Structures are given as structure tokens and as C-alpha cells.
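First the structure, in the form of C-alpha cells, and then the observations on it.
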Amino acid sequence: MAYLAGAVFDLAWLAVLGMAYLVRYRPDRRRVVDRVGWALLTVTVAAIGVEGYRTGGLAAAC
């Protein structure tokens with residue numbers, strides 16, 4: 001599960017980096033892209049933590 005979550009986050013992060021590159025000269029759009037990146041990070045960390053809690057491997061999830 002952790003590998004899947006890591007892969008999903010990496011792909012999402014690469015997509016956000018691509019979007020950030022495309023809007024690099026538009027600060028208003030860049031803020032939206034940065035917020036999406038932080039939201040994706042939050043969701044991924046929460047998913048890994050929940051999975052670790054459910055399976056009893058919270059230390060490994062951390």
C-alpha cells in the first residue's frame with residue numbers, strides 16, 4: 001500500500017511541477033498550483049498514516 005501511495009504522490013507531484021512550469025510567469029495562477037500541491041501532499045500523508053494505523057504499522061507509516 002505504501003508503494004502505491006508513494007507512486008500516486010510522485011505522479012501527482014510531477015503533474016504539479018509541470019503545471020508550475022507552465023504558469024511560471026503568472027503569479028495568480030502559480031498560487032493555485034502551489035495550493036494544489038500542498039493539498040495533494042496532505043492527502044497522501046493522511047492516507048499513509050491511516051493505512052499504517054489500520055494495519056498496526058504506524059511507526060513504519062511515519
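The way I read the labels, and the way they are meant: chains A, B, ... in the order of the C-alpha cells, residue 1 as the first residue of every chain, and ligand 1 as the first ligand shown, with later ones counted on from there.
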
Which residues are close to range 45-59 of chain A, i.e. within 12 Å by only C-alpha atoms, leaving aside same-chain residues fewer than 2 positions away? Reply as JSON, numbers by chain.
{"A": [1, 2, 3, 4, 5, 6, 7, 8, 9, 38, 39, 40, 41, 42, 43, 61, 62]}

Go ahead and dump the residues you just picked, N, CA and C atoms, as a CSV table (one decimal), in the first residue's frame.
```
chain,number,residue,atom,x,y,z
A,1,MET,N,0.8,-1.2,0.0
A,1,MET,CA,0.0,0.0,0.0
A,1,MET,C,0.9,1.3,0.0
A,2,ALA,N,1.9,1.2,0.8
A,2,ALA,CA,2.8,2.4,0.8
A,2,ALA,C,3.5,2.7,-0.5
A,3,TYR,N,3.8,1.6,-1.2
A,3,TYR,CA,4.4,1.9,-2.6
A,3,TYR,C,3.4,2.5,-3.5
A,4,LEU,N,2.2,2.0,-3.4
A,4,LEU,CA,1.1,2.6,-4.3
A,4,LEU,C,0.9,4.1,-4.0
A,5,ALA,N,0.8,4.4,-2.7
A,5,ALA,CA,0.6,5.8,-2.2
A,5,ALA,C,1.8,6.6,-2.7
A,6,GLY,N,3.0,6.1,-2.5
A,6,GLY,CA,4.2,6.8,-2.9
A,6,GLY,C,4.2,7.1,-4.4
A,7,ALA,N,3.8,6.1,-5.2
A,7,ALA,CA,3.8,6.3,-6.6
A,7,ALA,C,2.7,7.3,-7.1
A,8,VAL,N,1.5,7.2,-6.4
A,8,VAL,CA,0.5,8.2,-6.7
A,8,VAL,C,0.9,9.6,-6.4
A,9,PHE,N,1.6,9.8,-5.2
A,9,PHE,CA,2.0,11.1,-4.9
A,9,PHE,C,3.1,11.6,-5.8
A,38,TRP,N,0.2,21.3,-2.2
A,38,TRP,CA,0.2,21.1,-0.7
A,38,TRP,C,-1.0,20.2,-0.4
A,39,ALA,N,-2.2,20.4,-1.1
A,39,ALA,CA,-3.3,19.6,-0.8
A,39,ALA,C,-3.1,18.1,-1.1
A,40,LEU,N,-2.4,17.9,-2.3
A,40,LEU,CA,-2.0,16.5,-2.6
A,40,LEU,C,-1.1,15.9,-1.6
A,41,LEU,N,-0.2,16.7,-1.1
A,41,LEU,CA,0.8,16.2,-0.1
A,41,LEU,C,0.0,15.8,1.2
A,42,THR,N,-0.9,16.7,1.6
A,42,THR,CA,-1.7,16.4,2.8
A,42,THR,C,-2.5,15.1,2.7
A,43,VAL,N,-3.2,15.0,1.5
A,43,VAL,CA,-4.0,13.8,1.3
A,43,VAL,C,-3.1,12.5,1.3
A,61,ALA,N,4.7,3.8,9.0
A,61,ALA,CA,4.0,4.8,8.2
A,61,ALA,C,4.6,6.2,8.4
A,62,CYS,N,5.0,6.4,9.7
A,62,CYS,CA,5.6,7.7,10.0
A,62,CYS,C,7.0,7.8,9.3
```

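The space between CA of Val23 in chain A and CA of Asp10 in chain A spans 20.0 Å.
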
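You will find CA of Arg24 in chain A at 24.9 Å from CA of Thr44 in chain A.
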
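Residue nearest Leu11 in chain A, chosen from A:Val32, A:Pro27, A:Gly37, A:Ala60 and counting only C-alpha atoms: A:Gly37.
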